[in-house]
Amino acid sequence: MDFSIPTILSVFALSLFVFSIGYMTIAIGRVLVFRQKTRRPVLSSNDLPVTVLKPICGIEYELAENLRSFCRQDYADHQVIFGVRDNDDPAIPVIEAVIKEFPDRDISLVIDDQIIGSNYKISNLANMAKIAKHDVFVISDSDMRVSADYLQRVTAPFADSKVGASTCLYSGTPAKGLASRLGAMFVNDWFLPSALIPTMFGKLKFCFGATMAVRRNVLDGFGGFPALADFLADDYMLGKFVVERGYDVALVPYVVENVILEDDLKSVFLHEIRWARTIRSVQPGGYAASITTEILPLSIFAAVGAFTMGASTPMSLVPIAIALGMRTILHYAVCRGLTNGKSCGAWLIPVRDMLSFAVRLYSFCGTKVLWREREFVVLADNRLKVAK
C-alpha cells in the first residue's frame, strides 16, 4: 500500500468530503422538518405578561419598520422598552416617532450611559431592565423584524415550568447590493442549517441573539445582566447559565427576519470574522468539526486527491458536481421554506462558499474583532478586552 504523503493527503481530503456529504444530508433533512414545524399554528398561549427589551445603537437599515413590528404584537399584556446609551444617538428621533404611532401601547425609551462591562449591549439591557414591569424578558436585536404572532410563539414554551428560556433562529433578508446578498446567504445557508444540528443530539444548551426570552427569576439566579457584561457571546452564555441552573432552553419553531445591509465585501468579511471567532471561543471543538460544512471547498480538495490517486479527469470532478448539487438543494430548502425568498440565488453559491472558507482560515490568525466600530480582543473564555 502506498503511504506517501500525497496519497495520505488525498485519502484525508476524500474522507473529509464524505463526512461533508453526511452533514449536508442531515442539514437538508433538519431544514425540511423544521420548516414543517414553523407552519403549525400556535395551539395555546399562556399570555404571560412580558417585557420586550430592544437595545439600539445607531441607525439600522429600515430601523423604524423593524421597531414597529415589535409594537404590532397580537398579545394581551406586554411592555416594550427601547434603550440607547448616548443622548446624541441618531436613532432617538426614529424611536420617538415610532412610539408616537402607538399611543395605546406600553412603550418606553431609556437613555442611560451607565456601563457595567465591556459588552455595551448588555449594559444597555441592564439599564432598560430597571423599568421592566414583568417577569419574562424578551430580548431581540434592533436589526430583527417579526410578525404579529411573535410573542405568542416565543412565550408558549413557558407553559412548562422546566423551561427557563426560549430562543429563535433567524434568517437573512438582504437590503440591497451584492455584499448584502452574500451576508444574507451566510445566515441562511450556513448558520441556520448548522444551528439545527445540535437539537438532534439532546437538549439545546444555548440561545441565539435573534431572540432570548428568559424568566426574570432565572436571570437573577445566575447574577442577572452583570453576569453577562464582559462576554462577547452573551446569547450563548445566557443559555449556558440557564441550563446550569437546571432549566431547559426551548427552541421555538419560528424564524425571525434579520434585515442585513452590508456596504461592501470588507464589511461582510469583518462581520463574519467576528462571528467565527466568537464561535471558536465558546465551542473550539465544534468549530473545528464544522469544517464539514464547507462542502464545496472540500470537494475541490477531494477532486485533486482523486486525480492524484489515478482517477480520470471526468471522474475526479464528480465530488464538485455532488457538492454543487447538494448546496443548491440546501440553499433552496432554506430560501423557499424559511425566508421570504429575497436572498435566493444559487449562482452565488461558489462565491459565498469560497468566502466562507477564507473567513474560516483567517479566523485562526488572531483574536481581534471589530464590533460597533470598537476593536476588542476575544479572550480564551469568550470575555472581551478592549484592544490597545
# chains A, B, ... in the order shown; residues from 1 in each chain; ligands from 1
call {"tool": "residues_around", "arguments": {"residues": "His271 of chain A", "least_positions_apart": "6", "cutoff": "10 Å", "atoms": "only C-alpha atoms", "output": "PyMOL selection string"}}
result
chain A and resi 183+262+265+359+369-371
call {"tool": "write_last_selection", "arguments": {"atoms": "N, CA and C atoms", "output": "PDB file, in the first residue's frame"}}
result
ATOM      1  N   GLY A 183     -24.040  38.440   2.609  1.00  0.00           N
ATOM      2  CA  GLY A 183     -24.227  38.387   4.057  1.00  0.00           C
ATOM      3  C   GLY A 183     -25.457  37.602   4.445  1.00  0.00           C
ATOM      4  N   GLU A 262     -24.979  45.358   4.146  1.00  0.00           N
ATOM      5  CA  GLU A 262     -23.514  45.377   4.144  1.00  0.00           C
ATOM      6  C   GLU A 262     -23.046  46.358   3.082  1.00  0.00           C
ATOM      7  N   LEU A 265     -17.664  44.129   0.520  1.00  0.00           N
ATOM      8  CA  LEU A 265     -17.169  42.808   0.902  1.00  0.00           C
ATOM      9  C   LEU A 265     -16.307  42.862   2.159  1.00  0.00           C
ATOM     10  N   VAL A 359     -12.899  33.082   5.386  1.00  0.00           N
ATOM     11  CA  VAL A 359     -13.184  33.543   6.743  1.00  0.00           C
ATOM     12  C   VAL A 359     -12.723  32.497   7.753  1.00  0.00           C
ATOM     13  N   VAL A 369     -11.562  41.352  17.158  1.00  0.00           N
ATOM     14  CA  VAL A 369     -12.815  41.513  16.424  1.00  0.00           C
ATOM     15  C   VAL A 369     -13.207  42.982  16.443  1.00  0.00           C
ATOM     16  N   LEU A 370     -13.943  43.399  15.427  1.00  0.00           N
ATOM     17  CA  LEU A 370     -14.459  44.757  15.356  1.00  0.00           C
ATOM     18  C   LEU A 370     -15.956  44.698  15.614  1.00  0.00           C
ATOM     19  N   TRP A 371     -16.416  45.456  16.609  1.00  0.00           N
ATOM     20  CA  TRP A 371     -17.826  45.421  16.986  1.00  0.00           C
ATOM     21  C   TRP A 371     -18.277  46.849  17.288  1.00  0.00           C
TER      22      TRP A 371
END
call {"tool": "residues_around", "arguments": {"residues": "Val214 of chain A", "least_positions_apart": "4", "cutoff": "7 Å", "atoms": "only C-alpha atoms", "output": "PyMOL selection string"}}
result
chain A and resi 136-138+164-166+219
call {"tool": "write_last_selection", "arguments": {"atoms": "N, CA and C atoms", "output": "CSV table (one decimal), in the first residue's frame"}}
result
chain,number,residue,atom,x,y,z
A,136,VAL,N,-41.1,38.0,32.6
A,136,VAL,CA,-40.4,37.4,31.5
A,136,VAL,C,-39.9,38.5,30.6
A,137,PHE,N,-38.6,38.4,30.3
A,137,PHE,CA,-37.9,39.3,29.4
A,137,PHE,C,-37.8,38.7,28.0
A,138,VAL,N,-38.1,39.4,27.0
A,138,VAL,CA,-37.9,39.0,25.6
A,138,VAL,C,-36.9,40.0,25.0
A,164,GLY,N,-36.7,27.6,31.3
A,164,GLY,CA,-36.2,28.9,31.8
A,164,GLY,C,-35.9,29.9,30.8
A,165,ALA,N,-35.8,29.5,29.5
A,165,ALA,CA,-35.5,30.4,28.4
A,165,ALA,C,-36.0,29.8,27.1
A,166,SER,N,-36.4,30.7,26.2
A,166,SER,CA,-36.7,30.2,24.8
A,166,SER,C,-35.9,31.1,23.9
A,219,LEU,N,-32.9,34.6,35.4
A,219,LEU,CA,-31.8,35.5,35.1
A,219,LEU,C,-31.2,36.0,36.4
call {"tool": "residues_around", "arguments": {"residues": "Val218 of chain A", "least_positions_apart": "2", "cutoff": "12 Å", "atoms": "only C-alpha atoms", "output": "ChimeraX atom specification"}}
result
/A:135-137,161-165,213-216,220-225,238-249
call {"tool": "residues_around", "arguments": {"residues": "segment 26-36 of chain A", "least_positions_apart": "6", "cutoff": "12 Å", "atoms": "only C-alpha atoms", "output": "PyMOL selection string"}}
result
chain A and resi 19-20+168-169+188-200+251-255+292-293+325-339
call {"tool": "select_by_dssp", "arguments": {"residues": "segment 7-193 of chain A", "states": "strand (DSSP E or B)", "output": "ChimeraX atom specification"}}
result
/A:50-55,78-84,106-111,136-139,144-145,163-174
call {"tool": "write_last_selection", "arguments": {"atoms": "C-alpha atoms", "output": "PDB file, in the first residue's frame"}}
result
ATOM      1  CA  VAL A  50     -43.775  40.062  29.136  1.00  0.00           C
ATOM      2  CA  THR A  51     -41.342  42.943  28.756  1.00  0.00           C
ATOM      3  CA  VAL A  52     -39.644  43.271  25.382  1.00  0.00           C
ATOM      4  CA  LEU A  53     -36.147  44.764  25.617  1.00  0.00           C
ATOM      5  CA  LYS A  54     -34.736  46.296  22.421  1.00  0.00           C
ATOM      6  CA  PRO A  55     -31.123  47.535  22.720  1.00  0.00           C
ATOM      7  CA  HIS A  78     -46.722  43.294  27.136  1.00  0.00           C
ATOM      8  CA  GLN A  79     -44.363  46.202  27.619  1.00  0.00           C
ATOM      9  CA  VAL A  80     -41.819  47.365  25.038  1.00  0.00           C
ATOM     10  CA  ILE A  81     -38.656  49.188  26.115  1.00  0.00           C
ATOM     11  CA  PHE A  82     -36.204  50.698  23.629  1.00  0.00           C
ATOM     12  CA  GLY A  83     -32.798  51.600  25.000  1.00  0.00           C
ATOM     13  CA  VAL A  84     -29.812  53.673  23.852  1.00  0.00           C
ATOM     14  CA  ASP A 106     -46.949  50.481  26.811  1.00  0.00           C
ATOM     15  CA  ILE A 107     -43.746  51.636  25.107  1.00  0.00           C
ATOM     16  CA  SER A 108     -40.803  53.477  26.681  1.00  0.00           C
ATOM     17  CA  LEU A 109     -37.403  54.826  25.707  1.00  0.00           C
ATOM     18  CA  VAL A 110     -34.491  54.597  28.134  1.00  0.00           C
ATOM     19  CA  ILE A 111     -31.390  56.739  27.583  1.00  0.00           C
ATOM     20  CA  VAL A 136     -40.436  37.383  31.466  1.00  0.00           C
ATOM     21  CA  PHE A 137     -37.933  39.338  29.377  1.00  0.00           C
ATOM     22  CA  VAL A 138     -37.892  39.010  25.581  1.00  0.00           C
ATOM     23  CA  ILE A 139     -34.618  40.347  24.170  1.00  0.00           C
ATOM     24  CA  MET A 144     -34.654  41.984  13.602  1.00  0.00           C
ATOM     25  CA  ARG A 145     -38.226  42.031  12.262  1.00  0.00           C
ATOM     26  CA  VAL A 163     -38.342  25.994  30.644  1.00  0.00           C
ATOM     27  CA  GLY A 164     -36.165  28.864  31.839  1.00  0.00           C
ATOM     28  CA  ALA A 165     -35.531  30.417  28.429  1.00  0.00           C
ATOM     29  CA  SER A 166     -36.697  30.202  24.835  1.00  0.00           C
ATOM     30  CA  THR A 167     -34.911  31.236  21.670  1.00  0.00           C
ATOM     31  CA  CYS A 168     -35.411  31.544  17.907  1.00  0.00           C
ATOM     32  CA  LEU A 169     -33.377  31.007  14.784  1.00  0.00           C
ATOM     33  CA  TYR A 170     -33.172  33.815  12.279  1.00  0.00           C
ATOM     34  CA  SER A 171     -32.946  34.153   8.518  1.00  0.00           C
ATOM     35  CA  GLY A 172     -31.240  36.842   6.469  1.00  0.00           C
ATOM     36  CA  THR A 173     -33.029  39.306   4.208  1.00  0.00           C
ATOM     37  CA  PRO A 174     -30.652  41.396   2.089  1.00  0.00           C
TER      38      PRO A 174
END
call {"tool": "closest_residue", "arguments": {"among": "A:Leu296, A:Ala288, A:Ala306, A:Val282", "to": "Arg383 of chain A", "atoms": "only C-alpha atoms"}}
result
A:Val282
call {"tool": "atom_distance", "arguments": {"atom1": "atom CA of Ala175 of chain A", "atom2": "atom CA of Val187 of chain A"}}
result
13.7 Å
call {"tool": "closest_residue", "arguments": {"among": "A:Ala227, A:Ala302, A:Val259, A:Ile92", "to": "Ile8 of chain A", "atoms": "only C-alpha atoms"}}
result
A:Ala302
